[in-house]
file my_file_6.pdb (PDB, C-alpha atoms)
ATOM      1  CA  MET A   1     -60.755  -0.868 -25.257  1.00  0.00           C
ATOM      2  CA  LYS A   2     -64.299   0.172 -24.410  1.00  0.00           C
ATOM      3  CA  ARG A   3     -65.189   3.806 -24.131  1.00  0.00           C
ATOM      4  CA  ASP A   4     -65.959   5.178 -20.654  1.00  0.00           C
ATOM      5  CA  MET A   5     -63.579   2.682 -19.062  1.00  0.00           C
ATOM      6  CA  ALA A   6     -62.031   5.585 -17.158  1.00  0.00           C
ATOM      7  CA  LYS A   7     -65.323   6.158 -15.343  1.00  0.00           C
ATOM      8  CA  THR A   8     -65.429   2.588 -14.036  1.00  0.00           C
ATOM      9  CA  PHE A   9     -61.707   1.868 -13.687  1.00  0.00           C
ATOM     10  CA  PHE A  10     -61.780   2.744  -9.984  1.00  0.00           C
ATOM     11  CA  SER A  11     -64.534   1.495  -7.687  1.00  0.00           C
ATOM     12  CA  ALA A  12     -66.639   3.920  -5.640  1.00  0.00           C
ATOM     13  CA  THR A  13     -64.593   3.032  -2.551  1.00  0.00           C
ATOM     14  CA  GLU A  14     -61.328   3.652  -4.404  1.00  0.00           C
ATOM     15  CA  VAL A  15     -62.600   6.980  -5.730  1.00  0.00           C
ATOM     16  CA  GLU A  16     -63.319   8.055  -2.154  1.00  0.00           C
ATOM     17  CA  ASP A  17     -59.866   6.858  -1.034  1.00  0.00           C
ATOM     18  CA  ILE A  18     -58.315   8.955  -3.789  1.00  0.00           C
ATOM     19  CA  ARG A  19     -60.352  12.005  -2.797  1.00  0.00           C
ATOM     20  CA  GLN A  20     -59.220  11.650   0.803  1.00  0.00           C
ATOM     21  CA  ALA A  21     -55.604  11.228  -0.312  1.00  0.00           C
ATOM     22  CA  VAL A  22     -55.803  14.501  -2.255  1.00  0.00           C
ATOM     23  CA  ALA A  23     -57.338  16.308   0.731  1.00  0.00           C
ATOM     24  CA  ALA A  24     -54.636  14.942   3.044  1.00  0.00           C
ATOM     25  CA  ALA A  25     -51.823  15.744   0.600  1.00  0.00           C
ATOM     26  CA  GLU A  26     -52.918  19.365   0.305  1.00  0.00           C
ATOM     27  CA  VAL A  27     -52.818  19.969   4.057  1.00  0.00           C
ATOM     28  CA  GLY A  28     -49.870  22.210   4.836  1.00  0.00           C
ATOM     29  CA  THR A  29     -49.274  23.388   1.278  1.00  0.00           C
ATOM     30  CA  ILE A  30     -50.716  25.938  -1.108  1.00  0.00           C
ATOM     31  CA  GLY A  31     -50.304  23.395  -3.906  1.00  0.00           C
ATOM     32  CA  GLU A  32     -53.345  21.968  -5.652  1.00  0.00           C
ATOM     33  CA  ILE A  33     -53.308  18.346  -6.828  1.00  0.00           C
ATOM     34  CA  VAL A  34     -55.717  17.050  -9.470  1.00  0.00           C
ATOM     35  CA  PRO A  35     -55.762  13.338 -10.432  1.00  0.00           C
ATOM     36  CA  LEU A  36     -57.320  12.719 -13.843  1.00  0.00           C
ATOM     37  CA  VAL A  37     -57.868   9.501 -15.792  1.00  0.00           C
ATOM     38  CA  VAL A  38     -58.891   9.114 -19.457  1.00  0.00           C
ATOM     39  CA  ASP A  39     -59.720   6.103 -21.627  1.00  0.00           C
ATOM     40  CA  ARG A  40     -57.043   7.016 -24.149  1.00  0.00           C
ATOM     41  CA  SER A  41     -55.200  10.116 -25.256  1.00  0.00           C
ATOM     42  CA  ASP A  42     -55.898   9.905 -28.987  1.00  0.00           C
ATOM     43  CA  ASP A  43     -58.058   8.025 -31.488  1.00  0.00           C
ATOM     44  CA  TYR A  44     -54.967   6.988 -33.512  1.00  0.00           C
ATOM     45  CA  ARG A  45     -57.056   7.023 -36.677  1.00  0.00           C
ATOM     46  CA  GLU A  46     -54.110   6.459 -38.980  1.00  0.00           C
ATOM     47  CA  ALA A  47     -53.192   3.265 -37.127  1.00  0.00           C
ATOM     48  CA  LEU A  48     -56.804   2.043 -37.108  1.00  0.00           C
ATOM     49  CA  LEU A  49     -57.084   2.606 -40.864  1.00  0.00           C
ATOM     50  CA  THR A  50     -53.798   0.820 -41.512  1.00  0.00           C
ATOM     51  CA  ALA A  51     -54.786  -2.158 -39.367  1.00  0.00           C
ATOM     52  CA  ALA A  52     -58.213  -2.430 -41.020  1.00  0.00           C
ATOM     53  CA  LEU A  53     -56.736  -2.194 -44.508  1.00  0.00           C
ATOM     54  CA  LEU A  54     -54.120  -4.839 -43.795  1.00  0.00           C
ATOM     55  CA  LEU A  55     -56.678  -7.217 -42.286  1.00  0.00           C
ATOM     56  CA  ALA A  56     -58.993  -6.647 -45.255  1.00  0.00           C
ATOM     57  CA  ALA A  57     -56.144  -7.367 -47.672  1.00  0.00           C
ATOM     58  CA  LEU A  58     -55.205 -10.578 -45.862  1.00  0.00           C
ATOM     59  CA  LEU A  59     -58.809 -11.757 -45.620  1.00  0.00           C
ATOM     60  CA  ALA A  60     -59.406 -11.035 -49.310  1.00  0.00           C
ATOM     61  CA  LEU A  61     -56.273 -12.971 -50.207  1.00  0.00           C
ATOM     62  CA  LEU A  62     -57.421 -15.923 -48.106  1.00  0.00           C
ATOM     63  CA  VAL A  63     -60.835 -15.927 -49.812  1.00  0.00           C
ATOM     64  CA  LEU A  64     -59.231 -15.882 -53.271  1.00  0.00           C
ATOM     65  CA  ILE A  65     -56.970 -18.787 -52.339  1.00  0.00           C
ATOM     66  CA  LEU A  66     -59.942 -20.797 -51.100  1.00  0.00           C
ATOM     67  CA  LEU A  67     -61.957 -19.966 -54.226  1.00  0.00           C
ATOM     68  CA  ARG A  68     -58.902 -20.507 -56.435  1.00  0.00           C
ATOM     69  CA  HIS A  69     -59.141 -17.113 -58.081  1.00  0.00           C
ATOM     70  CA  ASP A  70     -55.957 -15.244 -58.896  1.00  0.00           C
ATOM     71  CA  THR A  71     -57.130 -12.083 -60.573  1.00  0.00           C
ATOM     72  CA  ILE A  72     -56.804  -8.607 -59.147  1.00  0.00           C
ATOM     73  CA  TRP A  73     -60.309  -7.803 -60.396  1.00  0.00           C
ATOM     74  CA  TRP A  74     -61.662 -10.064 -57.671  1.00  0.00           C
ATOM     75  CA  TYR A  75     -59.083  -9.061 -55.107  1.00  0.00           C
ATOM     76  CA  LEU A  76     -59.630  -5.293 -55.031  1.00  0.00           C
ATOM     77  CA  PRO A  77     -63.435  -5.425 -54.662  1.00  0.00           C
ATOM     78  CA  LEU A  78     -63.065  -7.955 -51.858  1.00  0.00           C
ATOM     79  CA  VAL A  79     -60.592  -5.696 -50.040  1.00  0.00           C
ATOM     80  CA  ALA A  80     -63.052  -2.804 -50.325  1.00  0.00           C
ATOM     81  CA  LEU A  81     -65.905  -5.044 -49.177  1.00  0.00           C
ATOM     82  CA  PHE A  82     -64.073  -6.291 -46.096  1.00  0.00           C
ATOM     83  CA  PHE A  83     -62.552  -2.932 -45.160  1.00  0.00           C
ATOM     84  CA  VAL A  84     -65.733  -1.304 -43.825  1.00  0.00           C
ATOM     85  CA  PRO A  85     -66.709  -3.976 -41.272  1.00  0.00           C
ATOM     86  CA  LEU A  86     -63.077  -4.483 -40.278  1.00  0.00           C
ATOM     87  CA  ARG A  87     -62.663  -0.738 -39.740  1.00  0.00           C
ATOM     88  CA  TYR A  88     -65.627  -0.911 -37.370  1.00  0.00           C
ATOM     89  CA  LEU A  89     -64.169  -3.970 -35.627  1.00  0.00           C
ATOM     90  CA  VAL A  90     -60.755  -2.352 -35.145  1.00  0.00           C
ATOM     91  CA  GLY A  91     -62.457   0.788 -33.843  1.00  0.00           C
ATOM     92  CA  ARG A  92     -64.203  -1.325 -31.222  1.00  0.00           C
ATOM     93  CA  MET A  93     -61.005  -3.259 -30.460  1.00  0.00           C
ATOM     94  CA  PRO A  94     -58.178  -0.698 -30.821  1.00  0.00           C
ATOM     95  CA  TYR A  95     -55.628  -3.114 -29.386  1.00  0.00           C
ATOM     96  CA  LEU A  96     -55.617  -4.687 -32.868  1.00  0.00           C
ATOM     97  CA  ALA A  97     -53.874  -1.526 -34.073  1.00  0.00           C
ATOM     98  CA  LEU A  98     -51.146  -1.496 -31.419  1.00  0.00           C
ATOM     99  CA  ALA A  99     -48.535  -2.825 -33.843  1.00  0.00           C
ATOM    100  CA  PHE A 100     -49.005   0.282 -35.971  1.00  0.00           C
ATOM    101  CA  ILE A 101     -48.543   2.814 -33.164  1.00  0.00           C
ATOM    102  CA  THR A 102     -44.957   3.712 -32.349  1.00  0.00           C
ATOM    103  CA  ARG A 103     -43.688   4.414 -28.854  1.00  0.00           C
ATOM    104  CA  ARG A 104     -42.938   7.975 -29.910  1.00  0.00           C
ATOM    105  CA  ARG A 105     -46.515   8.424 -31.134  1.00  0.00           C
ATOM    106  CA  PHE A 106     -47.823   7.137 -27.800  1.00  0.00           C
ATOM    107  CA  GLU A 107     -45.621   9.510 -25.817  1.00  0.00           C
ATOM    108  CA  GLN A 108     -46.570  12.503 -27.948  1.00  0.00           C
ATOM    109  CA  ALA A 109     -50.291  11.751 -27.726  1.00  0.00           C
ATOM    110  CA  VAL A 110     -50.235  11.383 -23.937  1.00  0.00           C
ATOM    111  CA  ARG A 111     -48.132  14.503 -23.464  1.00  0.00           C
ATOM    112  CA  ASP A 112     -50.432  16.575 -25.683  1.00  0.00           C
ATOM    113  CA  ARG A 113     -53.583  15.306 -23.955  1.00  0.00           C
ATOM    114  CA  ALA A 114     -52.074  15.957 -20.521  1.00  0.00           C
ATOM    115  CA  VAL A 115     -51.234  19.555 -21.434  1.00  0.00           C
ATOM    116  CA  ARG A 116     -54.698  20.074 -22.895  1.00  0.00           C
ATOM    117  CA  SER A 117     -56.329  18.630 -19.773  1.00  0.00           C
ATOM    118  CA  PHE A 118     -54.209  20.900 -17.584  1.00  0.00           C
ATOM    119  CA  TYR A 119     -55.789  23.940 -19.192  1.00  0.00           C
ATOM    120  CA  GLU A 120     -59.268  22.455 -19.628  1.00  0.00           C
ATOM    121  CA  GLN A 121     -59.483  21.704 -15.897  1.00  0.00           C
ATOM    122  CA  GLY A 122     -58.298  25.204 -14.948  1.00  0.00           C
ATOM    123  CA  LEU A 123     -55.091  24.196 -13.153  1.00  0.00           C
ATOM    124  CA  TYR A 124     -53.375  27.266 -14.591  1.00  0.00           C
ATOM    125  CA  ARG A 125     -55.719  29.569 -12.651  1.00  0.00           C
ATOM    126  CA  THR A 126     -54.438  28.977  -9.106  1.00  0.00           C
ATOM    127  CA  ARG A 127     -53.270  32.143  -7.357  1.00  0.00           C
ATOM    128  CA  ALA A 128     -49.659  31.042  -6.889  1.00  0.00           C
ATOM    129  CA  ALA A 129     -49.461  28.919 -10.071  1.00  0.00           C
ATOM    130  CA  THR A 130     -49.082  25.787  -7.954  1.00  0.00           C
ATOM    131  CA  GLY A 131     -51.419  23.357  -9.668  1.00  0.00           C
ATOM    132  CA  VAL A 132     -50.214  19.790 -10.287  1.00  0.00           C
ATOM    133  CA  LEU A 133     -51.955  17.382 -12.660  1.00  0.00           C
ATOM    134  CA  ILE A 134     -51.506  13.632 -12.228  1.00  0.00           C
ATOM    135  CA  PHE A 135     -52.642  12.366 -15.620  1.00  0.00           C
ATOM    136  CA  ILE A 136     -53.371   8.691 -16.343  1.00  0.00           C
ATOM    137  CA  SER A 137     -54.105   7.398 -19.853  1.00  0.00           C
ATOM    138  CA  LEU A 138     -55.375   3.815 -19.620  1.00  0.00           C
ATOM    139  CA  PHE A 139     -55.038   2.563 -23.202  1.00  0.00           C
ATOM    140  CA  GLU A 140     -51.413   3.644 -23.418  1.00  0.00           C
ATOM    141  CA  ARG A 141     -50.674   2.780 -19.774  1.00  0.00           C
ATOM    142  CA  ARG A 142     -48.861   6.068 -19.534  1.00  0.00           C
ATOM    143  CA  VAL A 143     -48.706   8.649 -16.746  1.00  0.00           C
ATOM    144  CA  TRP A 144     -47.730  12.301 -16.852  1.00  0.00           C
ATOM    145  CA  ILE A 145     -47.288  14.593 -13.860  1.00  0.00           C
ATOM    146  CA  LEU A 146     -47.514  18.193 -14.984  1.00  0.00           C
ATOM    147  CA  GLY A 147     -46.865  21.219 -12.775  1.00  0.00           C
ATOM    148  CA  ASP A 148     -47.724  24.874 -13.346  1.00  0.00           C
ATOM    149  CA  ARG A 149     -45.015  27.502 -13.816  1.00  0.00           C
ATOM    150  CA  GLY A 150     -44.741  28.189 -10.075  1.00  0.00           C
ATOM    151  CA  ILE A 151     -44.060  24.495  -9.477  1.00  0.00           C
ATOM    152  CA  ASN A 152     -41.553  24.204 -12.299  1.00  0.00           C
ATOM    153  CA  GLU A 153     -39.522  27.109 -10.954  1.00  0.00           C
ATOM    154  CA  CYS A 154     -38.683  25.011  -7.875  1.00  0.00           C
ATOM    155  CA  ILE A 155     -39.243  21.384  -8.875  1.00  0.00           C
ATOM    156  CA  GLU A 156     -37.607  19.931 -11.951  1.00  0.00           C
ATOM    157  CA  PRO A 157     -39.880  17.703 -14.075  1.00  0.00           C
ATOM    158  CA  VAL A 158     -37.356  14.875 -13.653  1.00  0.00           C
ATOM    159  CA  GLN A 159     -38.196  14.803  -9.939  1.00  0.00           C
ATOM    160  CA  TRP A 160     -41.636  13.466 -10.806  1.00  0.00           C
ATOM    161  CA  GLN A 161     -40.222  10.464 -12.658  1.00  0.00           C
ATOM    162  CA  GLY A 162     -40.017   8.182  -9.636  1.00  0.00           C
ATOM    163  CA  MET A 163     -43.697   8.838  -8.907  1.00  0.00           C
ATOM    164  CA  VAL A 164     -44.588   8.250 -12.555  1.00  0.00           C
ATOM    165  CA  ASP A 165     -42.774   4.899 -12.550  1.00  0.00           C
ATOM    166  CA  GLN A 166     -44.469   3.909  -9.281  1.00  0.00           C
ATOM    167  CA  LEU A 167     -47.927   4.663 -10.637  1.00  0.00           C
ATOM    168  CA  ILE A 168     -47.325   2.892 -13.957  1.00  0.00           C
ATOM    169  CA  ALA A 169     -46.115  -0.182 -12.058  1.00  0.00           C
ATOM    170  CA  GLY A 170     -49.247  -0.088  -9.899  1.00  0.00           C
ATOM    171  CA  ILE A 171     -51.523   0.076 -12.950  1.00  0.00           C
ATOM    172  CA  ARG A 172     -49.772  -2.897 -14.542  1.00  0.00           C
ATOM    173  CA  GLN A 173     -49.902  -4.906 -11.313  1.00  0.00           C
ATOM    174  CA  GLY A 174     -53.581  -4.230 -10.703  1.00  0.00           C
ATOM    175  CA  THR A 175     -53.008  -1.982  -7.688  1.00  0.00           C
ATOM    176  CA  ALA A 176     -53.716   1.324  -9.419  1.00  0.00           C
ATOM    177  CA  SER A 177     -55.740   2.862  -6.585  1.00  0.00           C
ATOM    178  CA  ALA A 178     -53.143   2.178  -3.885  1.00  0.00           C
ATOM    179  CA  ALA A 179     -50.342   3.372  -6.163  1.00  0.00           C
ATOM    180  CA  LEU A 180     -52.224   6.568  -7.055  1.00  0.00           C
ATOM    181  CA  CYS A 181     -52.951   7.351  -3.401  1.00  0.00           C
ATOM    182  CA  ALA A 182     -49.280   6.792  -2.532  1.00  0.00           C
ATOM    183  CA  VAL A 183     -48.149   9.049  -5.373  1.00  0.00           C
ATOM    184  CA  ILE A 184     -50.621  11.759  -4.357  1.00  0.00           C
ATOM    185  CA  LEU A 185     -49.277  11.728  -0.797  1.00  0.00           C
ATOM    186  CA  SER A 186     -45.668  11.803  -2.036  1.00  0.00           C
ATOM    187  CA  CYS A 187     -46.565  14.724  -4.271  1.00  0.00           C
ATOM    188  CA  GLY A 188     -48.081  16.492  -1.263  1.00  0.00           C
ATOM    189  CA  GLN A 189     -44.900  15.995   0.771  1.00  0.00           C
ATOM    190  CA  LEU A 190     -42.836  17.509  -2.015  1.00  0.00           C
ATOM    191  CA  LEU A 191     -45.193  20.476  -2.291  1.00  0.00           C
ATOM    192  CA  GLN A 192     -45.110  21.033   1.474  1.00  0.00           C
ATOM    193  CA  GLN A 193     -41.322  21.425   1.293  1.00  0.00           C
ATOM    194  CA  HIS A 194     -41.388  24.033  -1.462  1.00  0.00           C
ATOM    195  CA  PHE A 195     -44.835  25.621  -1.081  1.00  0.00           C
ATOM    196  CA  PRO A 196     -45.859  25.523   2.590  1.00  0.00           C
ATOM    197  CA  ASP A 197     -49.171  26.973   3.708  1.00  0.00           C
ATOM    198  CA  ARG A 198     -48.675  30.341   5.444  1.00  0.00           C
ATOM    199  CA  GLY A 199     -52.090  30.176   7.052  1.00  0.00           C
ATOM    200  CA  ASN A 200     -54.194  31.719   4.295  1.00  0.00           C
ATOM    201  CA  ASP A 201     -54.564  28.789   1.904  1.00  0.00           C
ATOM    202  CA  GLN A 202     -57.850  28.128   0.131  1.00  0.00           C
ATOM    203  CA  ASN A 203     -58.874  24.937  -1.617  1.00  0.00           C
ATOM    204  CA  GLU A 204     -59.051  26.302  -5.153  1.00  0.00           C
ATOM    205  CA  LEU A 205     -59.650  23.059  -7.050  1.00  0.00           C
ATOM    206  CA  GLN A 206     -61.817  20.046  -6.288  1.00  0.00           C
ATOM    207  CA  ASP A 207     -60.258  17.054  -4.537  1.00  0.00           C
ATOM    208  CA  ASP A 208     -62.219  14.484  -6.527  1.00  0.00           C
ATOM    209  CA  LEU A 209     -60.785  12.202  -9.165  1.00  0.00           C
ATOM    210  CA  ILE A 210     -61.720  13.393 -12.658  1.00  0.00           C
ATOM    211  CA  ALA A 211     -62.602  10.636 -15.137  1.00  0.00           C
ATOM    212  CA  LEU A 212     -63.100  11.545 -18.811  1.00  0.00           C
TER     213      LEU A 212
END
call {"tool": "encode", "arguments": {"input": "my_file_6.pdb", "output": "structure tokens"}}
result
Amino acid sequence: MKRDMAKTFFSATEVEDIRQAVAAAEVGTIGEIVPLVVDRSDDYREALLTAALLLAALLALLVLILLRHDTIWWYLPLVALFFVPLRYLVGRMPYLALAFITRRRFEQAVRDRAVRSFYEQGLYRTRAATGVLIFISLFERRVWILGDRGINECIEPVQWQGMVDQLIAGIRQGTASAALCAVILSCGQLLQQHFPDRGNDQNELQDDLIAL
């Protein structure tokens, strides 16, 4: 997957639709919603190295078969020779390493990146601890919705799961923008129930989609 895909994943029109959805969702609540999209949550270097090494080993074996050599003294140098360009190729095409990344590794990477983004984007600094991050990781096709401590005191994380599933389905079906806007509005409705605006709310965080 190409770098900077997150910055072009949504069109300019879709970005504006998302911004308006955030603004509308925050009306009537002190909650702050931040949608954020990243290319991928981790470099998965161990998987890239494994994939490159395996491809180099297979290619070296194929060359030896074609040349009718059967000595390890030819095989090992060929593996080393092929490894460097194949490591570059796999780095440019990380999907080649998917077979070496476990589901658990994916989940952990996305969760860790979501938590890091929550703090990097300052969601923990809202006055009532009511920041909500809607985190999308494109390579993994994973979504995390993460609430601050004020949110988690009233809304169980499991309550976000339906929204997570809806957004993941939208990404897979090619309707990511519409799904994200719908999830943002649903999130706003939930926040309005638990954290209504008492008339002194301030917009503490930007409404724009963040793409990293």
call {"tool": "residues_around", "arguments": {"input": "my_file_6.pdb", "residues": "Ala47 (chain A)", "least_positions_apart": "5", "cutoff": "9 Å", "atoms": "only C-alpha atoms", "output": "NGL selection string"}}
result
:A and (52 or 94 or 97-101)
call {"tool": "atom_distance", "arguments": {"input": "my_file_6.pdb", "atom1": "CA of Pro196 (chain A)", "atom2": "CA of Val37 (chain A)"}}
result
27.2 Å
call {"tool": "closest_residue", "arguments": {"input": "my_file_6.pdb", "among": "A:Ile72, A:Val115, A:Ile155, A:Met5", "to": "Gln193 (chain A)", "atoms": "all atoms listed in the file"}}
result
A:Ile155
call {"tool": "closest_residue", "arguments": {"input": "my_file_6.pdb", "among": "A:Leu58, A:Glu16, A:Ile134, A:Val34", "to": "Gln161 (chain A)", "atoms": "all atoms listed in the file"}}
result
A:Ile134
call {"tool": "residues_around", "arguments": {"input": "my_file_6.pdb", "residues": "Glu14 (chain A)", "least_positions_apart": "6", "cutoff": "10 Å", "atoms": "all atoms listed in the file", "output": "ChimeraX atom specification"}}
result
/A:20,176-178,180-181,209
call {"tool": "residues_around", "arguments": {"input": "my_file_6.pdb", "residues": "region 76-79 of chain A", "least_positions_apart": "2", "cutoff": "12 Å", "atoms": "only C-alpha atoms", "output": "PyMOL selection string"}}
result
chain A and resi 52-64+69-74+81-87
call {"tool": "residues_around", "arguments": {"input": "my_file_6.pdb", "residues": "Val27 (chain A)", "least_positions_apart": "6", "cutoff": "9 Å", "atoms": "all atoms listed in the file", "output": "mmCIF file with C-alpha atoms, in the frame of the given file"}}
result
data_model
loop_
_atom_site.group_PDB
_atom_site.id
_atom_site.type_symbol
_atom_site.label_atom_id
_atom_site.label_comp_id
_atom_site.auth_asym_id
_atom_site.auth_seq_id
_atom_site.Cartn_x
_atom_site.Cartn_y
_atom_site.Cartn_z
ATOM 1 C CA GLY A 188 -48.081 16.492 -1.263
ATOM 2 C CA GLN A 192 -45.110 21.033 1.474
ATOM 3 C CA ASP A 197 -49.171 26.973 3.708
#
call {"tool": "atom_distance", "arguments": {"input": "my_file_6.pdb", "atom1": "CA of Ser137 (chain A)", "atom2": "CA of Val38 (chain A)"}}
result
5.1 Å
call {"tool": "resolve_selection", "arguments": {"input": "my_file_6.pdb", "expression": "the PyMOL selection byres ((chain A and resi 42) around 10)", "output": "mmCIF file with C-alpha atoms, in the coordinates of the input"}}
result
data_model
loop_
_atom_site.group_PDB
_atom_site.id
_atom_site.type_symbol
_atom_site.label_atom_id
_atom_site.label_comp_id
_atom_site.auth_asym_id
_atom_site.auth_seq_id
_atom_site.Cartn_x
_atom_site.Cartn_y
_atom_site.Cartn_z
ATOM 1 C CA ASP A 39 -59.720 6.103 -21.627
ATOM 2 C CA ARG A 40 -57.043 7.016 -24.149
ATOM 3 C CA SER A 41 -55.200 10.116 -25.256
ATOM 4 C CA ASP A 43 -58.058 8.025 -31.488
ATOM 5 C CA TYR A 44 -54.967 6.988 -33.512
ATOM 6 C CA ARG A 45 -57.056 7.023 -36.677
ATOM 7 C CA ARG A 105 -46.515 8.424 -31.134
ATOM 8 C CA PHE A 106 -47.823 7.137 -27.800
ATOM 9 C CA GLN A 108 -46.570 12.503 -27.948
ATOM 10 C CA ALA A 109 -50.291 11.751 -27.726
ATOM 11 C CA VAL A 110 -50.235 11.383 -23.937
ATOM 12 C CA ASP A 112 -50.432 16.575 -25.683
ATOM 13 C CA ARG A 113 -53.583 15.306 -23.955
ATOM 14 C CA SER A 137 -54.105 7.398 -19.853
ATOM 15 C CA PHE A 139 -55.038 2.563 -23.202
ATOM 16 C CA GLU A 140 -51.413 3.644 -23.418
#
call {"tool": "atom_distance", "arguments": {"input": "my_file_6.pdb", "atom1": "CA of Gln121 (chain A)", "atom2": "CA of Arg149 (chain A)"}}
result
15.7 Å
call {"tool": "closest_residue", "arguments": {"input": "my_file_6.pdb", "among": "A:Gly147, A:Asn152, A:Leu138, A:Glu32", "to": "Leu167 (chain A)", "atoms": "all atoms listed in the file"}}
result
A:Leu138
call {"tool": "residues_near_point", "arguments": {"input": "my_file_6.pdb", "point": "(-65.9, 14.6, -0.2)", "cutoff": "10 Å", "atoms": "all atoms listed in the file", "output": "VMD selection string"}}
result
chain A and resid 15 to 17 19 to 20 23 206 to 208
call {"tool": "residues_near_point", "arguments": {"input": "my_file_6.pdb", "point": "(-55.0, 19.3, -16.6)", "cutoff": "9 Å", "atoms": "only C-alpha atoms", "output": "PyMOL selection string"}}
result
chain A and resi 34-36+113-124+131-135+146
call {"tool": "closest_residue", "arguments": {"input": "my_file_6.pdb", "among": "A:Ala24, A:Val183, A:Leu89, A:Val143", "to": "Glu107 (chain A)", "atoms": "all atoms listed in the file"}}
result
A:Val143
call {"tool": "axis_aligned_box", "arguments": {"input": "my_file_6.pdb", "around": "region 150-160 of chain A", "padding_each_side": "4 Å", "output": "AutoDock Vina command-line options"}}
result
--center_x -41.0 --center_y 20.8 --center_z -11.0 --size_x 15.4 --size_y 22.7 --size_z 14.2
call {"tool": "resolve_selection", "arguments": {"input": "my_file_6.pdb", "expression": "the PyMOL selection byres ((chain A and resi 127) around 12)", "output": "list in words"}}
result
Ile30, Gly31, Glu32, Gly122, Leu123, Tyr124, Arg125, Thr126, Ala128, Ala129, Thr130, Gly131, Asp148, Arg149, Gly150, Asn200, Asp201, Gln202, Asn203, Glu204 and Leu205 of chain A
